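Reproduced below: target-v4.cif, with mmCIF, C-alpha atoms.
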```cif
data_structure
#
loop_
_atom_site.label_atom_id
_atom_site.label_comp_id
_atom_site.auth_asym_id
_atom_site.auth_seq_id
_atom_site.Cartn_x
_atom_site.Cartn_y
_atom_site.Cartn_z
CA MET A 127 90.55 242.80 -85.04
CA ASN A 128 94.04 241.78 -86.15
CA ALA A 129 96.20 239.21 -84.36
CA ARG A 130 98.20 241.84 -82.52
CA GLY A 131 95.03 243.50 -81.24
CA ALA A 132 93.39 240.24 -80.24
CA LEU A 133 96.36 238.90 -78.29
CA ALA A 134 97.67 242.15 -76.80
CA GLY A 135 98.59 241.50 -73.19
CA CYS A 136 97.46 237.86 -73.23
CA GLY A 137 99.64 235.51 -71.24
CA VAL A 138 99.82 232.13 -72.97
CA LEU A 139 101.43 228.96 -71.66
CA VAL A 140 103.86 227.48 -74.18
CA SER A 141 104.36 223.91 -73.00
CA ARG A 142 106.47 222.43 -75.81
CA PRO A 143 109.95 221.08 -75.00
CA ARG A 144 112.52 223.87 -74.94
CA ALA A 145 114.00 223.08 -78.34
CA GLN A 146 110.58 223.35 -80.02
CA ALA A 147 109.11 226.26 -78.03
CA ALA A 148 110.74 229.22 -79.77
CA VAL A 149 108.65 229.25 -82.94
CA LEU A 150 105.32 229.50 -81.12
CA ALA A 151 106.71 231.88 -78.49
CA ASP A 152 108.07 234.22 -81.17
CA ALA A 153 104.76 234.11 -83.07
CA LEU A 154 102.87 235.02 -79.90
CA ARG A 155 105.18 237.96 -79.21
CA ALA A 156 104.78 239.17 -82.79
CA ALA A 157 101.01 239.08 -82.26
CA GLY A 158 101.26 241.11 -79.06
CA GLY A 159 100.93 238.16 -76.69
CA LYS A 160 103.11 237.31 -73.70
CA PRO A 161 104.32 233.70 -73.89
CA PHE A 162 105.05 231.94 -70.63
CA GLU A 163 107.45 229.12 -71.48
CA PHE A 164 107.10 226.17 -69.13
CA PRO A 165 108.00 222.86 -70.81
CA LEU A 166 105.77 220.03 -69.67
CA ILE A 167 108.27 217.59 -71.17
CA ASP A 168 112.02 218.01 -70.78
CA ILE A 169 114.24 216.35 -73.38
CA GLU A 170 117.63 215.01 -72.36
CA PRO A 171 120.29 213.15 -74.36
CA LEU A 172 121.16 209.60 -73.46
CA ALA A 173 124.21 208.92 -71.35
CA ASP A 174 124.96 205.89 -73.53
CA THR A 175 124.38 206.38 -77.27
CA SER A 176 125.96 203.14 -78.41
CA ALA A 177 122.62 201.64 -79.50
CA VAL A 178 121.93 204.67 -81.68
CA ALA A 179 125.43 204.67 -83.14
CA GLY A 180 125.07 200.97 -83.90
CA ALA A 181 121.77 201.25 -85.73
CA ASP A 182 121.94 199.13 -88.88
CA LEU A 183 120.73 201.51 -91.58
CA ASP A 184 121.87 199.41 -94.51
CA GLY A 185 119.16 197.18 -95.86
CA ALA A 186 116.36 198.80 -93.86
CA ALA A 187 113.25 199.60 -95.85
CA LEU A 188 112.25 202.67 -93.84
CA ALA A 189 113.41 204.82 -90.93
CA VAL A 190 110.65 206.47 -88.90
CA PHE A 191 111.37 209.50 -86.70
CA VAL A 192 108.58 210.19 -84.23
CA SER A 193 109.49 213.85 -83.62
CA ALA A 194 111.95 216.64 -84.31
CA ASN A 195 113.75 215.59 -81.13
CA ALA A 196 114.22 212.11 -82.58
CA VAL A 197 115.68 213.64 -85.74
CA ARG A 198 118.13 215.80 -83.84
CA HIS A 199 119.33 213.27 -81.30
CA ALA A 200 119.54 210.35 -83.73
CA LEU A 201 121.32 212.21 -86.50
CA ASP A 202 123.65 214.03 -84.12
CA CYS A 203 124.90 210.58 -83.20
CA LEU A 204 124.77 208.86 -86.59
CA LEU A 205 125.96 211.40 -89.12
CA PRO A 206 129.44 212.01 -87.63
CA LEU A 207 130.00 208.27 -88.14
CA ARG A 208 128.55 207.75 -91.60
CA ASP A 209 126.48 209.29 -94.39
CA TRP A 210 122.76 208.66 -94.50
CA PRO A 211 122.11 205.93 -97.12
CA ALA A 212 120.71 207.58 -100.24
CA ALA A 213 118.32 204.67 -100.80
CA LEU A 214 116.82 204.75 -97.30
CA PRO A 215 113.61 206.80 -97.03
CA ALA A 216 112.61 208.46 -93.78
CA ALA A 217 109.09 209.02 -92.49
CA THR A 218 107.95 211.45 -89.83
CA VAL A 219 104.71 212.89 -88.51
CA GLY A 220 105.08 216.62 -89.15
CA GLU A 221 106.53 219.18 -91.50
CA GLN A 222 108.88 220.60 -88.86
CA SER A 223 110.50 217.19 -88.46
CA ALA A 224 110.53 216.69 -92.23
CA GLN A 225 112.35 219.98 -92.71
CA ALA A 226 114.87 218.99 -90.03
CA LEU A 227 115.57 215.74 -91.89
CA ARG A 228 116.06 217.49 -95.22
CA ALA A 229 118.36 220.05 -93.60
CA ARG A 230 120.59 217.19 -92.47
CA GLY A 231 120.82 215.69 -95.95
CA VAL A 232 118.03 213.10 -95.84
CA THR A 233 116.43 213.62 -99.24
CA ARG A 234 113.73 210.94 -99.34
CA VAL A 235 111.21 212.07 -96.72
CA VAL A 236 107.52 211.15 -96.46
CA THR A 237 105.10 212.88 -94.12
CA PRO A 238 101.33 213.41 -93.89
CA LEU A 239 100.03 216.56 -95.54
CA HIS A 240 97.07 217.54 -93.37
CA ARG A 241 97.20 215.74 -90.01
CA TYR A 242 100.36 215.46 -87.97
CA ASP A 243 100.00 212.26 -85.97
CA SER A 244 100.86 208.57 -86.07
CA GLU A 245 97.43 207.65 -87.42
CA ALA A 246 97.91 209.90 -90.46
CA LEU A 247 101.42 208.57 -91.00
CA LEU A 248 100.12 205.01 -91.02
CA GLU A 249 97.67 205.91 -93.78
CA LEU A 250 100.51 206.65 -96.22
CA PRO A 251 101.15 204.00 -98.91
CA GLU A 252 104.83 203.92 -97.93
CA LEU A 253 103.78 202.37 -94.58
CA SER A 254 101.28 199.87 -95.98
CA ALA A 255 101.55 196.10 -95.65
CA ALA A 256 102.23 195.91 -99.37
CA ALA A 257 105.26 198.17 -98.94
CA LEU A 258 106.72 196.78 -95.71
CA ALA A 259 105.69 193.15 -95.10
CA GLY A 260 108.80 191.11 -94.42
CA ARG A 261 111.02 194.19 -94.45
CA ARG A 262 112.94 195.92 -91.66
CA VAL A 263 111.73 199.24 -90.23
CA LEU A 264 113.68 201.38 -87.75
CA ILE A 265 111.72 203.63 -85.38
CA PHE A 266 113.78 206.37 -83.72
CA ARG A 267 112.03 207.70 -80.63
CA GLY A 268 112.36 208.74 -77.00
CA ASP A 269 112.09 206.35 -74.10
CA GLY A 270 108.58 204.98 -73.82
CA GLY A 271 105.80 206.71 -75.73
CA ARG A 272 102.93 205.40 -77.82
CA GLU A 273 103.29 201.91 -79.25
CA LEU A 274 100.80 202.46 -82.07
CA LEU A 275 103.37 202.80 -84.86
CA GLY A 276 105.39 199.74 -83.94
CA ASP A 277 102.39 197.56 -83.13
CA THR A 278 100.60 198.47 -86.36
CA LEU A 279 103.64 197.96 -88.55
CA ARG A 280 104.29 194.57 -86.96
CA ALA A 281 100.68 193.62 -87.63
CA ARG A 282 101.33 194.55 -91.25
CA GLY A 283 104.24 192.13 -91.36
CA ALA A 284 107.16 194.52 -90.90
CA ILE A 285 110.22 193.65 -88.79
CA VAL A 286 110.29 196.58 -86.37
CA GLU A 287 113.34 197.78 -84.42
CA HIS A 288 112.81 200.52 -81.84
CA ILE A 289 115.86 202.71 -81.23
CA THR A 290 115.73 205.00 -78.20
CA CYS A 291 117.71 208.18 -78.84
CA TYR A 292 116.66 210.57 -76.04
CA ARG A 293 114.94 210.69 -72.67
CA ARG A 294 111.65 212.44 -71.87
CA LEU A 295 111.27 213.77 -68.34
CA PRO A 296 108.35 215.56 -66.64
CA PRO A 297 108.97 218.89 -64.89
CA ARG A 298 109.77 218.61 -61.21
CA ASP A 299 107.84 221.50 -59.69
CA GLY A 300 104.58 223.19 -60.60
CA ALA A 301 105.07 226.16 -58.26
CA PRO A 302 106.34 228.54 -61.00
CA LEU A 303 103.21 227.85 -63.02
CA CYS A 304 100.94 228.66 -60.09
CA ALA A 305 102.95 231.80 -59.31
CA ALA A 306 102.49 233.01 -62.89
CA LEU A 307 98.77 232.31 -62.72
CA ARG A 308 98.33 234.21 -59.45
CA ALA A 309 100.34 237.12 -60.81
CA GLY A 310 97.89 237.49 -63.71
CA ARG A 311 100.40 236.31 -66.30
CA LEU A 312 98.35 233.39 -67.64
CA HIS A 313 95.14 233.64 -69.64
CA ALA A 314 95.36 230.54 -71.84
CA LEU A 315 97.12 227.18 -72.12
CA THR A 316 98.50 225.49 -75.22
CA ILE A 317 98.93 221.71 -74.93
CA THR A 318 100.48 219.84 -77.84
CA SER A 319 100.67 216.23 -76.66
CA SER A 320 98.80 213.78 -74.48
CA GLU A 321 101.94 213.28 -72.42
CA SER A 322 102.20 217.02 -71.70
CA LEU A 323 98.59 217.06 -70.56
CA ARG A 324 99.15 214.09 -68.28
CA ASN A 325 102.32 215.65 -66.82
CA LEU A 326 100.45 218.88 -66.09
CA THR A 327 97.68 217.19 -64.14
CA VAL A 328 100.05 215.23 -61.89
CA LEU A 329 102.73 217.90 -61.51
CA PRO A 330 104.28 218.02 -58.01
CA GLY A 331 103.75 221.31 -56.23
CA LEU A 332 100.80 222.27 -58.43
CA ASP A 333 98.21 223.61 -55.98
CA CYS A 334 96.31 225.62 -58.61
CA LEU A 335 95.00 222.87 -60.89
CA ASP A 336 91.37 223.93 -60.39
CA ALA A 337 92.20 227.45 -61.56
CA LEU A 338 94.18 226.16 -64.53
CA GLN A 339 91.27 223.93 -65.52
CA ALA A 340 89.09 227.05 -65.79
CA LEU A 341 91.40 228.71 -68.36
CA PRO A 342 90.83 228.19 -72.10
CA LEU A 343 93.00 225.31 -73.27
CA PHE A 344 94.02 225.14 -76.94
CA ALA A 345 94.90 221.75 -78.43
CA PRO A 346 95.90 221.08 -82.06
CA HIS A 347 94.50 217.56 -82.14
CA ALA A 348 91.11 216.00 -81.40
CA ARG A 349 92.60 213.29 -79.18
CA ILE A 350 94.33 215.84 -76.93
CA ALA A 351 91.20 217.99 -76.77
CA GLU A 352 89.06 215.04 -75.71
CA GLN A 353 91.56 213.96 -73.05
CA ALA A 354 91.65 217.52 -71.70
CA ARG A 355 87.88 217.47 -71.27
CA GLU A 356 88.11 214.10 -69.55
CA ARG A 357 90.69 215.56 -67.14
CA GLY A 358 88.41 218.39 -66.06
CA PHE A 359 89.32 221.31 -68.31
CA SER A 360 86.11 223.21 -68.93
CA ARG A 361 87.02 225.42 -71.90
CA VAL A 362 88.80 223.29 -74.51
CA ILE A 363 89.31 224.67 -78.01
CA GLU A 364 90.49 222.29 -80.72
CA THR A 365 92.56 224.13 -83.34
CA ALA A 366 94.03 223.36 -86.71
CA PRO A 367 97.37 221.48 -86.56
CA ALA A 368 100.79 222.79 -85.54
CA ASP A 369 101.85 226.20 -84.24
CA ALA A 370 100.01 228.03 -87.03
CA GLY A 371 96.77 226.36 -85.98
CA LEU A 372 97.31 227.23 -82.32
CA LEU A 373 98.01 230.88 -83.17
CA ALA A 374 94.91 231.09 -85.35
CA GLY A 375 92.78 229.50 -82.63
CA LEU A 376 94.09 231.88 -79.98
CA THR A 377 93.52 234.89 -82.21
CA ASP A 378 89.98 233.87 -83.03
CA TYR A 379 89.09 233.16 -79.40
CA PHE A 380 90.56 236.34 -77.93
CA SER A 381 88.99 238.47 -80.65
CA SER A 382 85.71 237.91 -78.82
CA HIS A 383 87.12 237.25 -75.31
CA PRO A 384 89.60 240.12 -74.72
CA CYS A 385 92.30 239.62 -72.12
CA ASP A 386 92.06 241.68 -68.97
CA LEU A 387 95.35 241.62 -67.13
CA ASN A 388 93.72 243.07 -64.04
CA ARG A 389 91.06 240.41 -63.65
CA PRO A 390 91.39 238.22 -60.53
CA THR A 391 93.02 234.84 -61.10
#
```
Any chance you could put this one into structure tokens?
Amino acid sequence: MNARGALAGCGVLVSRPRAQAAVLADALRAAGGKPFEFPLIDIEPLADTSAVAGADLDGAALAVFVSANAVRHALDCLLPLRDWPAALPAATVGEQSAQALRARGVTRVVTPLHRYDSEALLELPELSAAALAGRRVLIFRGDGGRELLGDTLRARGAIVEHITCYRRLPPRDGAPLCAALRAGRLHALTITSSESLRNLTVLPGLDCLDALQALPLFAPHARIAEQARERGFSRVIETAPADAGLLAGLTDYFSSHPCDLNRPT
């Protein structure tokens, strides 16, 4: 069965932030699926961007961008003020973010080839103690988030500066998600970060968590898949990385578990 046949009529939660949701949503539509876009993390710009604008790029050994949102919000602030230093390499966790950096004129970009997470980034020689001990590293990120990158690089002797360039907010009301479920518009969930998973399980107004936990949940990373199981989701499918991995996992699953839009939810 081809992708369009496997996913025909399947309602799939797309939980990425709005700016990153279109690629997966479009791929699902092309495959005959019906994406339900409900961001489990909202991204907002900072009211005060002076810290971003004042980031000291000159003399830094490396600039790390934790996501495509970090690329967009940091460079939207920095590039109108100055050119990116040609000698300053940038590192990021995924190819989407790497492409966003190159599109903005950052030519020296390092990123993992097969796994898109902080652990894989830290395995690169450009982030080793030999490369960074005693040198300054800038980490552009949202407010809060994992401390693994900064803590590990400090342990390797780097001088780490965190620069917050956007805010991450949880959704305010889970009622639209439950309404979609009860209307038969949801047959699967895609969850692409631990924070999204956490936001889903504590979402205000979500009175259908038990029903959601019974749906197949697709996660492109082992850590997210394990956390989903720990949080009570009974059908967790770990896929290959990124949107392509999610689409392949959905297609494979629904090839043998056809959607039935009329089944009770």
Each residue of region 219-288 of chain A lying at most 8 Å from region 201-214 of chain A should get a row with its shortest atom-to-atom pair and the distance in Å to one decimal, counting only C-alpha atoms; could you produce that, ordered by chain and increasing number, as a Markdown table?
```
| residue | atom | partner | partner_atom | distance |
| --- | --- | --- | --- | --- |
| A:Arg230 | CA | A:Leu201 | CA | 7.8 |
| A:Gly231 | CA | A:Trp210 | CA | 7.4 |
| A:Val232 | CA | A:Trp210 | CA | 6.6 |
| A:Thr233 | CA | A:Ala212 | CA | 7.5 |
| A:Arg234 | CA | A:Leu214 | CA | 7.2 |
```
File dump, residues just selected, C-alpha atoms, as an mmCIF file, in the frame of the given file:
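Done, and the output landed in again17.cif:
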```cif
data_model
loop_
_atom_site.group_PDB
_atom_site.id
_atom_site.type_symbol
_atom_site.label_atom_id
_atom_site.label_comp_id
_atom_site.auth_asym_id
_atom_site.auth_seq_id
_atom_site.Cartn_x
_atom_site.Cartn_y
_atom_site.Cartn_z
ATOM 1 C CA ARG A 230 120.590 217.190 -92.470
ATOM 2 C CA GLY A 231 120.820 215.690 -95.950
ATOM 3 C CA VAL A 232 118.030 213.100 -95.840
ATOM 4 C CA THR A 233 116.430 213.620 -99.240
ATOM 5 C CA ARG A 234 113.730 210.940 -99.340
#
```
Nearby residues, (101.8, 213.2, -66.1) file frame, 12 Å, only C-alpha atoms, as a list of chain:residue names: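 Neighbouring residues, ordered by chain and number, come to A:Leu166, A:Ile167, A:Arg294, A:Leu295, A:Pro296, A:Pro297, A:Arg298, A:Gly300, A:Ser319, A:Ser320, A:Glu321, A:Ser322, A:Leu323, A:Arg324, A:Asn325, A:Leu326, A:Thr327, A:Val328, A:Leu329, A:Pro330, A:Leu332, A:Arg357.
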A:Leu315, A:Ala374, A:Leu253, A:Ala301 ranked by distance to Arg142 (chain A), top pick (using all atoms listed in the file):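 For Arg142 (chain A), the nearest of the candidates is A:Leu315.
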Atomic distance CA of Leu188 (chain A) - CA of Val263 (chain A), expressed in Å with one decimal: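 We find that CA of Leu188 (chain A) and CA of Val263 (chain A) lie 5.0 Å from each other.
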d(CA of Leu338 (chain A), CA of Phe380 (chain A)) in Å: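 One can read the CA of Leu338 (chain A) to CA of Phe380 (chain A) distance as 17.2 Å.
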Between CA of Pro367 (chain A) and CA of Glu245 (chain A) - distance in Å to one decimal: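 So the answer is 13.9 Å.
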Mind telling me what the PyMOL selection byres ((chain A and resi 130-137) around 12) catches here, as a PDB file with C-alpha atoms, in the frame of the given file?
```
ATOM      1  CA  MET A 127      90.550 242.800 -85.040  1.00  0.00           C
ATOM      2  CA  ASN A 128      94.040 241.780 -86.150  1.00  0.00           C
ATOM      3  CA  ALA A 129      96.200 239.210 -84.360  1.00  0.00           C
ATOM      4  CA  VAL A 138      99.820 232.130 -72.970  1.00  0.00           C
ATOM      5  CA  LEU A 139     101.430 228.960 -71.660  1.00  0.00           C
ATOM      6  CA  VAL A 140     103.860 227.480 -74.180  1.00  0.00           C
ATOM      7  CA  ALA A 151     106.710 231.880 -78.490  1.00  0.00           C
ATOM      8  CA  ALA A 153     104.760 234.110 -83.070  1.00  0.00           C
ATOM      9  CA  LEU A 154     102.870 235.020 -79.900  1.00  0.00           C
ATOM     10  CA  ARG A 155     105.180 237.960 -79.210  1.00  0.00           C
ATOM     11  CA  ALA A 156     104.780 239.170 -82.790  1.00  0.00           C
ATOM     12  CA  ALA A 157     101.010 239.080 -82.260  1.00  0.00           C
ATOM     13  CA  GLY A 158     101.260 241.110 -79.060  1.00  0.00           C
ATOM     14  CA  GLY A 159     100.930 238.160 -76.690  1.00  0.00           C
ATOM     15  CA  LYS A 160     103.110 237.310 -73.700  1.00  0.00           C
ATOM     16  CA  PRO A 161     104.320 233.700 -73.890  1.00  0.00           C
ATOM     17  CA  PHE A 162     105.050 231.940 -70.630  1.00  0.00           C
ATOM     18  CA  GLU A 163     107.450 229.120 -71.480  1.00  0.00           C
ATOM     19  CA  LEU A 303     103.210 227.850 -63.020  1.00  0.00           C
ATOM     20  CA  ALA A 306     102.490 233.010 -62.890  1.00  0.00           C
ATOM     21  CA  LEU A 307      98.770 232.310 -62.720  1.00  0.00           C
ATOM     22  CA  ARG A 308      98.330 234.210 -59.450  1.00  0.00           C
ATOM     23  CA  ALA A 309     100.340 237.120 -60.810  1.00  0.00           C
ATOM     24  CA  GLY A 310      97.890 237.490 -63.710  1.00  0.00           C
ATOM     25  CA  ARG A 311     100.400 236.310 -66.300  1.00  0.00           C
ATOM     26  CA  LEU A 312      98.350 233.390 -67.640  1.00  0.00           C
ATOM     27  CA  HIS A 313      95.140 233.640 -69.640  1.00  0.00           C
ATOM     28  CA  ALA A 314      95.360 230.540 -71.840  1.00  0.00           C
ATOM     29  CA  LEU A 315      97.120 227.180 -72.120  1.00  0.00           C
ATOM     30  CA  THR A 316      98.500 225.490 -75.220  1.00  0.00           C
ATOM     31  CA  LEU A 341      91.400 228.710 -68.360  1.00  0.00           C
ATOM     32  CA  PRO A 342      90.830 228.190 -72.100  1.00  0.00           C
ATOM     33  CA  LEU A 373      98.010 230.880 -83.170  1.00  0.00           C
ATOM     34  CA  ALA A 374      94.910 231.090 -85.350  1.00  0.00           C
ATOM     35  CA  GLY A 375      92.780 229.500 -82.630  1.00  0.00           C
ATOM     36  CA  LEU A 376      94.090 231.880 -79.980  1.00  0.00           C
ATOM     37  CA  THR A 377      93.520 234.890 -82.210  1.00  0.00           C
ATOM     38  CA  ASP A 378      89.980 233.870 -83.030  1.00  0.00           C
ATOM     39  CA  TYR A 379      89.090 233.160 -79.400  1.00  0.00           C
ATOM     40  CA  PHE A 380      90.560 236.340 -77.930  1.00  0.00           C
ATOM     41  CA  SER A 381      88.990 238.470 -80.650  1.00  0.00           C
ATOM     42  CA  SER A 382      85.710 237.910 -78.820  1.00  0.00           C
ATOM     43  CA  HIS A 383      87.120 237.250 -75.310  1.00  0.00           C
ATOM     44  CA  PRO A 384      89.600 240.120 -74.720  1.00  0.00           C
ATOM     45  CA  CYS A 385      92.300 239.620 -72.120  1.00  0.00           C
ATOM     46  CA  ASP A 386      92.060 241.680 -68.970  1.00  0.00           C
ATOM     47  CA  LEU A 387      95.350 241.620 -67.130  1.00  0.00           C
ATOM     48  CA  ASN A 388      93.720 243.070 -64.040  1.00  0.00           C
ATOM     49  CA  ARG A 389      91.060 240.410 -63.650  1.00  0.00           C
TER      50      ARG A 389
END
```
Closest of A:Ile350, A:Val286, A:Ser254, A:Val197 to Ala229 (chain A) - atom-to-atom distances counting all atoms listed in the file: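 Of all the options, A:Val197 lies closest to Ala229 (chain A).
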Ala181 (chain A) surroundings by all atoms listed in the file, 10 Å radius, close-in-sequence under 2 positions cut, as a PyMOL selection string: chain A and resi 176-179+183-184+200+204+264+266+287-289
Ground truth for the PyMOL selection byres ((chain A and resi 173) around 10), written as a VMD selection string: chain A and resid 170 to 172 174 to 176 291 to 293
Region 235-239 of chain A surroundings by all atoms listed in the file, 10 Å radius, close-in-sequence under 6 positions cut, as number ranges by chain: A: 188-190, 214-221, 223-225, 227-228, 245-253
Top pick for closest residue to Asp336 (chain A), considering A:Cys304, A:Ala368, A:Ala259, A:Ile363 and counting all atoms listed in the file: A:Cys304
On this structure, the PyMOL selection byres ((chain A and resi 272) around 12) would catch which residues? List them as a PDB file with C-alpha atoms, keeping the file's coordinate frame, sorted by chain and number.
```
ATOM      1  CA  VAL A 192     108.580 210.190 -84.230  1.00  0.00           C
ATOM      2  CA  ASP A 243     100.000 212.260 -85.970  1.00  0.00           C
ATOM      3  CA  SER A 244     100.860 208.570 -86.070  1.00  0.00           C
ATOM      4  CA  GLU A 245      97.430 207.650 -87.420  1.00  0.00           C
ATOM      5  CA  ILE A 265     111.720 203.630 -85.380  1.00  0.00           C
ATOM      6  CA  ARG A 267     112.030 207.700 -80.630  1.00  0.00           C
ATOM      7  CA  GLY A 268     112.360 208.740 -77.000  1.00  0.00           C
ATOM      8  CA  ASP A 269     112.090 206.350 -74.100  1.00  0.00           C
ATOM      9  CA  GLY A 270     108.580 204.980 -73.820  1.00  0.00           C
ATOM     10  CA  GLY A 271     105.800 206.710 -75.730  1.00  0.00           C
ATOM     11  CA  GLU A 273     103.290 201.910 -79.250  1.00  0.00           C
ATOM     12  CA  LEU A 274     100.800 202.460 -82.070  1.00  0.00           C
ATOM     13  CA  LEU A 275     103.370 202.800 -84.860  1.00  0.00           C
ATOM     14  CA  GLY A 276     105.390 199.740 -83.940  1.00  0.00           C
ATOM     15  CA  ASP A 277     102.390 197.560 -83.130  1.00  0.00           C
ATOM     16  CA  THR A 278     100.600 198.470 -86.360  1.00  0.00           C
ATOM     17  CA  HIS A 288     112.810 200.520 -81.840  1.00  0.00           C
ATOM     18  CA  SER A 319     100.670 216.230 -76.660  1.00  0.00           C
ATOM     19  CA  SER A 320      98.800 213.780 -74.480  1.00  0.00           C
ATOM     20  CA  GLU A 321     101.940 213.280 -72.420  1.00  0.00           C
TER      21      GLU A 321
END
```
Pick from A:Ala284, A:Ala345, A:Leu335, A:Ala194, whichever lies nearest to Gly358 (chain A) using all atoms listed in the file: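 The shortest atom-to-atom distance to Gly358 (chain A) comes from A:Leu335.
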Because some atoms of region 165-172 of chain A are absent here, can you restore all heavy atoms and send them as a PDB file, in the frame of the given file?
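What landed in rebuild_17.pdb:
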```
ATOM      1  N   PRO A 165     108.081 224.167 -70.147  1.00  0.00           N
ATOM      2  CA  PRO A 165     108.000 222.860 -70.810  1.00  0.00           C
ATOM      3  C   PRO A 165     107.379 221.807 -69.904  1.00  0.00           C
ATOM      4  O   PRO A 165     107.802 221.638 -68.759  1.00  0.00           O
ATOM      5  CB  PRO A 165     109.464 222.531 -71.114  1.00  0.00           C
ATOM      6  CG  PRO A 165     110.173 223.845 -71.089  1.00  0.00           C
ATOM      7  CD  PRO A 165     109.453 224.669 -70.065  1.00  0.00           C
ATOM      8  N   LEU A 166     106.380 221.123 -70.414  1.00  0.00           N
ATOM      9  CA  LEU A 166     105.770 220.030 -69.670  1.00  0.00           C
ATOM     10  C   LEU A 166     106.423 218.696 -69.991  1.00  0.00           C
ATOM     11  O   LEU A 166     106.065 217.666 -69.411  1.00  0.00           O
ATOM     12  CB  LEU A 166     104.272 219.972 -69.945  1.00  0.00           C
ATOM     13  CG  LEU A 166     103.487 221.130 -69.322  1.00  0.00           C
ATOM     14  CD1 LEU A 166     102.048 221.141 -69.794  1.00  0.00           C
ATOM     15  CD2 LEU A 166     103.553 221.071 -67.793  1.00  0.00           C
ATOM     16  N   ILE A 167     107.379 218.719 -70.919  1.00  0.00           N
ATOM     17  CA  ILE A 167     108.270 217.590 -71.170  1.00  0.00           C
ATOM     18  C   ILE A 167     109.665 218.149 -71.355  1.00  0.00           C
ATOM     19  O   ILE A 167     109.872 219.049 -72.178  1.00  0.00           O
ATOM     20  CB  ILE A 167     107.875 216.804 -72.435  1.00  0.00           C
ATOM     21  CG1 ILE A 167     106.454 216.245 -72.341  1.00  0.00           C
ATOM     22  CG2 ILE A 167     108.864 215.651 -72.676  1.00  0.00           C
ATOM     23  CD1 ILE A 167     105.980 215.579 -73.621  1.00  0.00           C
ATOM     24  N   ASP A 168     110.624 217.656 -70.591  1.00  0.00           N
ATOM     25  CA  ASP A 168     112.020 218.010 -70.780  1.00  0.00           C
ATOM     26  C   ASP A 168     112.698 216.903 -71.584  1.00  0.00           C
ATOM     27  O   ASP A 168     112.457 215.713 -71.353  1.00  0.00           O
ATOM     28  CB  ASP A 168     112.739 218.194 -69.448  1.00  0.00           C
ATOM     29  CG  ASP A 168     112.401 219.516 -68.789  1.00  0.00           C
ATOM     30  OD1 ASP A 168     112.293 220.522 -69.530  1.00  0.00           O
ATOM     31  OD2 ASP A 168     112.243 219.556 -67.559  1.00  0.00           O
ATOM     32  N   ILE A 169     113.523 217.295 -72.527  1.00  0.00           N
ATOM     33  CA  ILE A 169     114.240 216.350 -73.380  1.00  0.00           C
ATOM     34  C   ILE A 169     115.703 216.332 -72.978  1.00  0.00           C
ATOM     35  O   ILE A 169     116.342 217.390 -72.878  1.00  0.00           O
ATOM     36  CB  ILE A 169     114.115 216.752 -74.866  1.00  0.00           C
ATOM     37  CG1 ILE A 169     112.637 216.852 -75.264  1.00  0.00           C
ATOM     38  CG2 ILE A 169     114.860 215.765 -75.747  1.00  0.00           C
ATOM     39  CD1 ILE A 169     111.864 215.568 -75.158  1.00  0.00           C
ATOM     40  N   GLU A 170     116.225 215.154 -72.729  1.00  0.00           N
ATOM     41  CA  GLU A 170     117.630 215.010 -72.360  1.00  0.00           C
ATOM     42  C   GLU A 170     118.296 213.960 -73.242  1.00  0.00           C
ATOM     43  O   GLU A 170     117.673 212.953 -73.603  1.00  0.00           O
ATOM     44  CB  GLU A 170     117.773 214.595 -70.892  1.00  0.00           C
ATOM     45  CG  GLU A 170     117.395 215.678 -69.899  1.00  0.00           C
ATOM     46  CD  GLU A 170     117.782 215.303 -68.488  1.00  0.00           C
ATOM     47  OE1 GLU A 170     118.284 214.164 -68.284  1.00  0.00           O
ATOM     48  OE2 GLU A 170     117.596 216.138 -67.590  1.00  0.00           O
ATOM     49  N   PRO A 171     119.565 214.174 -73.592  1.00  0.00           N
ATOM     50  CA  PRO A 171     120.290 213.150 -74.360  1.00  0.00           C
ATOM     51  C   PRO A 171     120.557 211.926 -73.504  1.00  0.00           C
ATOM     52  O   PRO A 171     120.535 211.980 -72.266  1.00  0.00           O
ATOM     53  CB  PRO A 171     121.594 213.866 -74.734  1.00  0.00           C
ATOM     54  CG  PRO A 171     121.766 214.920 -73.690  1.00  0.00           C
ATOM     55  CD  PRO A 171     120.382 215.362 -73.298  1.00  0.00           C
ATOM     56  N   LEU A 172     120.804 210.824 -74.157  1.00  0.00           N
ATOM     57  CA  LEU A 172     121.160 209.600 -73.460  1.00  0.00           C
ATOM     58  C   LEU A 172     122.597 209.662 -72.963  1.00  0.00           C
ATOM     59  O   LEU A 172     123.466 210.248 -73.612  1.00  0.00           O
ATOM     60  CB  LEU A 172     121.014 208.394 -74.398  1.00  0.00           C
ATOM     61  CG  LEU A 172     119.639 208.117 -74.987  1.00  0.00           C
ATOM     62  CD1 LEU A 172     119.726 206.936 -75.939  1.00  0.00           C
ATOM     63  CD2 LEU A 172     118.620 207.847 -73.883  1.00  0.00           C
TER      64      LEU A 172
END
```
